[in-house]
Amino acid sequence: MSSGNPTNLSPQDAVQIVLDLIADTPPPFSVEDIFGELNQYEAPQHVLARAYIFAQIVCGRFIFAETGVKFTNEYFGFDRHGNVIEQGLLDEEPYFLAAQDSIGHYHDAGASLTHFGSMAAEVYAINEMLYKGSQFENLETTPNIVFLDSPTQAGLAKANAQISQHIAKLKSSDRRRKAWWKFW
């Protein structure tokens, strides 16, 4: 990790802090356990929280890497009140890219990284669909929802409503693209 002013922590350095901590923490552990440890670092907590969020998405996707699940590249960032404050593509998000680049360096931390990834909402949703009988290759994820601050209950509800509307629009546009002469 580069030395210097901790307020200028790069995405790579922030992700390394998070992944080093995860790798050194035997499972089971909770979000609270990890953030309790992250609070000990002299670094901007919002930067470490962002590194945590996107590293967890990468670790979760790593669990299903060879299964045929289709992962969306889109994400929405919400504030605590459920307002979209950013929207983007994961393959352009610096913390996501830093986590993807770093994950291969943690071969000996498989159990910890798997546990960390299994705590991701995307992994939970995939597991729910598998328990209901879906097959890996038939699953396609929705955009990731990330809260960039601790959400309120009303914020959670508002964000869920916005994502539901977005998914409905995607489904509607997908139906229009299907050939009219095919039975689907």
# chains A, B, ... in the order shown; residues from 1 in each chain; ligands from 1
>>> select_by_dssp(residues="region 21-178 of chain A", states="helix (DSSP H, G or I)", output="VMD selection string")
chain A and resid 21 to 23 31 to 38 45 to 63 90 to 92 94 to 105 107 to 118 121 to 131 136 to 138 153 to 177
>>> write_last_selection(atoms="C-alpha atoms", output="compact mmCIF listing (two decimals), in the first residue's frame")
# COMPACT_ATOMS: atom_id res chain seq x y z
CA LEU A 21 -8.96 -7.35 6.88
CA ILE A 22 -11.40 -9.89 5.42
CA ALA A 23 -8.56 -12.32 4.66
CA VAL A 31 -20.88 -6.54 8.69
CA GLU A 32 -20.66 -4.98 12.14
CA ASP A 33 -17.50 -6.96 12.92
CA ILE A 34 -15.77 -5.73 9.79
CA PHE A 35 -16.87 -2.11 10.12
CA GLY A 36 -15.85 -2.18 13.78
CA GLU A 37 -12.35 -3.05 12.62
CA LEU A 38 -12.40 -0.59 9.71
CA GLN A 45 -14.74 5.93 6.49
CA HIS A 46 -16.82 6.72 3.40
CA VAL A 47 -13.87 5.62 1.24
CA LEU A 48 -13.45 2.36 3.17
CA ALA A 49 -17.22 1.79 3.05
CA ARG A 50 -17.21 2.20 -0.72
CA ALA A 51 -14.28 -0.22 -1.00
CA TYR A 52 -16.21 -2.68 1.18
CA ILE A 53 -19.36 -2.41 -0.97
CA PHE A 54 -17.68 -3.02 -4.30
CA ALA A 55 -15.23 -5.64 -2.99
CA GLN A 56 -18.22 -7.57 -1.64
CA ILE A 57 -19.91 -7.51 -5.05
CA VAL A 58 -16.71 -8.86 -6.64
CA CYS A 59 -16.37 -11.61 -4.00
CA GLY A 60 -20.02 -12.56 -4.43
CA ARG A 61 -19.68 -12.82 -8.18
CA PHE A 62 -16.53 -14.87 -7.75
CA ILE A 63 -18.66 -17.52 -5.99
CA LEU A 90 -19.43 -1.64 -12.65
CA ASP A 91 -16.67 -2.09 -15.21
CA GLU A 92 -16.07 1.68 -14.99
CA PRO A 94 -12.75 2.37 -9.71
CA TYR A 95 -13.38 0.43 -6.49
CA PHE A 96 -15.01 -2.47 -8.34
CA LEU A 97 -12.09 -2.58 -10.79
CA ALA A 98 -9.56 -2.43 -7.94
CA ALA A 99 -11.30 -5.35 -6.21
CA GLN A 100 -11.35 -7.38 -9.44
CA ASP A 101 -7.64 -6.73 -9.93
CA SER A 102 -6.82 -7.63 -6.31
CA ILE A 103 -8.95 -10.72 -5.68
CA GLY A 104 -6.43 -13.10 -7.24
CA HIS A 105 -3.83 -12.20 -4.61
CA HIS A 107 -5.65 -17.48 -2.65
CA ASP A 108 -5.19 -18.48 0.98
CA ALA A 109 -8.27 -16.59 2.17
CA GLY A 110 -10.89 -18.59 0.28
CA ALA A 111 -13.18 -19.29 3.24
CA SER A 112 -13.14 -15.68 4.44
CA LEU A 113 -13.68 -14.22 0.97
CA THR A 114 -16.44 -16.72 0.23
CA HIS A 115 -18.17 -15.82 3.50
CA PHE A 116 -17.77 -12.11 2.70
CA GLY A 117 -19.18 -12.58 -0.80
CA SER A 118 -22.06 -14.72 0.47
CA ALA A 121 -27.48 -9.02 -1.69
CA GLU A 122 -26.85 -10.31 -5.21
CA VAL A 123 -25.70 -13.69 -3.83
CA TYR A 124 -28.74 -13.85 -1.55
CA ALA A 125 -31.05 -13.23 -4.53
CA ILE A 126 -29.32 -15.89 -6.64
CA ASN A 127 -29.56 -18.42 -3.81
CA GLU A 128 -33.26 -17.66 -3.36
CA MET A 129 -33.91 -18.36 -7.03
CA LEU A 130 -31.88 -21.57 -6.90
CA TYR A 131 -33.85 -22.76 -3.87
CA PHE A 136 -27.80 -21.18 -12.94
CA GLU A 137 -27.75 -20.61 -16.68
CA ASN A 138 -31.31 -19.18 -16.60
CA GLN A 153 -36.49 2.50 6.43
CA ALA A 154 -38.21 5.01 4.15
CA GLY A 155 -35.02 5.21 2.07
CA LEU A 156 -35.00 1.43 1.61
CA ALA A 157 -38.63 1.46 0.51
CA LYS A 158 -38.06 4.34 -1.91
CA ALA A 159 -34.99 2.67 -3.44
CA ASN A 160 -36.84 -0.63 -3.86
CA ALA A 161 -39.71 1.17 -5.59
CA GLN A 162 -37.30 2.91 -7.97
CA ILE A 163 -35.50 -0.33 -8.83
CA SER A 164 -38.84 -2.10 -9.37
CA GLN A 165 -39.82 0.63 -11.84
CA HIS A 166 -36.46 0.31 -13.59
CA ILE A 167 -36.85 -3.48 -13.88
CA ALA A 168 -40.39 -3.09 -15.24
CA LYS A 169 -39.04 -0.74 -17.93
CA LEU A 170 -36.31 -3.24 -18.81
CA LYS A 171 -38.83 -6.07 -19.07
CA SER A 172 -41.13 -3.95 -21.23
CA SER A 173 -38.31 -3.01 -23.60
CA ASP A 174 -37.14 -6.66 -23.68
CA ARG A 175 -40.63 -7.81 -24.73
CA ARG A 176 -40.60 -5.31 -27.58
CA ARG A 177 -37.30 -6.75 -28.85
>>> atom_distance(atom1="CA of Pro151 (chain A)", atom2="CA of Asn83 (chain A)")
10.2 Å
>>> atom_distance(atom1="CA of Asp13 (chain A)", atom2="CA of Leu148 (chain A)")
18.7 Å
>>> atom_distance(atom1="CA of Leu139 (chain A)", atom2="CA of Tyr75 (chain A)")
17.4 Å
>>> select_by_dssp(residues="chain A", states="strand (DSSP E)", output="mmCIF file with N, CA and C atoms, in the first residue's frame")
data_model
loop_
_atom_site.group_PDB
_atom_site.id
_atom_site.type_symbol
_atom_site.label_atom_id
_atom_site.label_comp_id
_atom_site.auth_asym_id
_atom_site.auth_seq_id
_atom_site.Cartn_x
_atom_site.Cartn_y
_atom_site.Cartn_z
ATOM 1 N N GLU A 74 -24.666 -2.906 -14.464
ATOM 2 C CA GLU A 74 -25.211 -1.639 -14.003
ATOM 3 C C GLU A 74 -25.344 -1.613 -12.479
ATOM 4 N N TYR A 75 -25.188 -0.434 -11.909
ATOM 5 C CA TYR A 75 -25.459 -0.261 -10.483
ATOM 6 C C TYR A 75 -26.077 1.111 -10.245
ATOM 7 N N PHE A 76 -26.789 1.212 -9.138
ATOM 8 C CA PHE A 76 -27.372 2.467 -8.679
ATOM 9 C C PHE A 76 -26.845 2.747 -7.283
ATOM 10 N N GLY A 77 -26.378 3.961 -7.057
ATOM 11 C CA GLY A 77 -25.941 4.384 -5.731
ATOM 12 C C GLY A 77 -26.990 5.309 -5.130
ATOM 13 N N PHE A 78 -27.424 4.980 -3.919
ATOM 14 C CA PHE A 78 -28.476 5.734 -3.240
ATOM 15 C C PHE A 78 -27.932 6.435 -2.004
ATOM 16 N N VAL A 84 -31.443 8.417 -5.856
ATOM 17 C CA VAL A 84 -30.313 7.999 -6.681
ATOM 18 C C VAL A 84 -29.343 9.176 -6.753
ATOM 19 N N ILE A 85 -28.115 8.939 -6.288
ATOM 20 C CA ILE A 85 -27.108 9.995 -6.354
ATOM 21 C C ILE A 85 -26.005 9.654 -7.347
ATOM 22 N N GLU A 86 -25.988 8.407 -7.794
ATOM 23 C CA GLU A 86 -25.105 8.028 -8.889
ATOM 24 C C GLU A 86 -25.633 6.767 -9.541
ATOM 25 N N GLN A 87 -25.320 6.642 -10.791
ATOM 26 C CA GLN A 87 -25.690 5.465 -11.568
ATOM 27 C C GLN A 87 -24.538 5.216 -12.516
ATOM 28 N N GLY A 88 -24.172 3.959 -12.665
ATOM 29 C CA GLY A 88 -23.040 3.705 -13.538
ATOM 30 C C GLY A 88 -22.880 2.250 -13.893
ATOM 31 N N LEU A 89 -21.755 1.977 -14.525
ATOM 32 C CA LEU A 89 -21.396 0.626 -14.930
ATOM 33 C C LEU A 89 -20.280 0.134 -14.021
ATOM 34 N N ASN A 144 -27.218 -3.704 -9.404
ATOM 35 C CA ASN A 144 -26.876 -3.671 -7.990
ATOM 36 C C ASN A 144 -27.360 -2.373 -7.374
ATOM 37 N N ILE A 145 -27.899 -2.490 -6.189
ATOM 38 C CA ILE A 145 -28.319 -1.338 -5.400
ATOM 39 C C ILE A 145 -27.286 -1.175 -4.303
ATOM 40 N N VAL A 146 -26.644 -0.029 -4.251
ATOM 41 C CA VAL A 146 -25.688 0.223 -3.181
ATOM 42 C C VAL A 146 -26.085 1.497 -2.457
ATOM 43 N N PHE A 147 -26.111 1.404 -1.153
ATOM 44 C CA PHE A 147 -26.365 2.583 -0.334
ATOM 45 C C PHE A 147 -25.018 3.152 0.065
#
>>> closest_residue(among="A:Phe29, A:Asn8, A:Asp20, A:Phe64", to="Met119 (chain A)", atoms="only C-alpha atoms")
A:Phe29
>>> decode(residues="region 111-159 of chain A", atoms="C-alpha atoms", output="short mmCIF file (atom, residue, chain, number, x, y, z; two decimals), in the first residue's frame")
data_model
loop_
_atom_site.label_atom_id
_atom_site.label_comp_id
_atom_site.auth_asym_id
_atom_site.auth_seq_id
_atom_site.Cartn_x
_atom_site.Cartn_y
_atom_site.Cartn_z
CA ALA A 111 -13.18 -19.29 3.24
CA SER A 112 -13.14 -15.68 4.44
CA LEU A 113 -13.68 -14.22 0.97
CA THR A 114 -16.44 -16.72 0.23
CA HIS A 115 -18.17 -15.82 3.50
CA PHE A 116 -17.77 -12.11 2.70
CA GLY A 117 -19.18 -12.58 -0.80
CA SER A 118 -22.06 -14.72 0.47
CA MET A 119 -23.24 -11.72 2.49
CA ALA A 120 -23.88 -9.72 -0.72
CA ALA A 121 -27.48 -9.02 -1.69
CA GLU A 122 -26.85 -10.31 -5.21
CA VAL A 123 -25.70 -13.69 -3.83
CA TYR A 124 -28.74 -13.85 -1.55
CA ALA A 125 -31.05 -13.23 -4.53
CA ILE A 126 -29.32 -15.89 -6.64
CA ASN A 127 -29.56 -18.42 -3.81
CA GLU A 128 -33.26 -17.66 -3.36
CA MET A 129 -33.91 -18.36 -7.03
CA LEU A 130 -31.88 -21.57 -6.90
CA TYR A 131 -33.85 -22.76 -3.87
CA LYS A 132 -37.03 -22.14 -5.88
CA GLY A 133 -35.77 -24.43 -8.65
CA SER A 134 -34.10 -22.09 -11.12
CA GLN A 135 -31.01 -23.21 -12.99
CA PHE A 136 -27.80 -21.18 -12.94
CA GLU A 137 -27.75 -20.61 -16.68
CA ASN A 138 -31.31 -19.18 -16.60
CA LEU A 139 -30.50 -16.50 -14.03
CA GLU A 140 -29.77 -12.90 -14.88
CA THR A 141 -29.21 -10.37 -12.13
CA THR A 142 -30.77 -6.95 -11.77
CA PRO A 143 -28.71 -3.79 -11.29
CA ASN A 144 -26.88 -3.67 -7.99
CA ILE A 145 -28.32 -1.34 -5.40
CA VAL A 146 -25.69 0.22 -3.18
CA PHE A 147 -26.36 2.58 -0.33
CA LEU A 148 -23.53 5.05 0.01
CA ASP A 149 -24.78 5.95 3.48
CA SER A 150 -26.77 3.98 6.07
CA PRO A 151 -30.36 3.97 4.75
CA THR A 152 -33.49 4.85 6.64
CA GLN A 153 -36.49 2.50 6.43
CA ALA A 154 -38.21 5.01 4.15
CA GLY A 155 -35.02 5.21 2.07
CA LEU A 156 -35.00 1.43 1.61
CA ALA A 157 -38.63 1.46 0.51
CA LYS A 158 -38.06 4.34 -1.91
CA ALA A 159 -34.99 2.67 -3.44
#
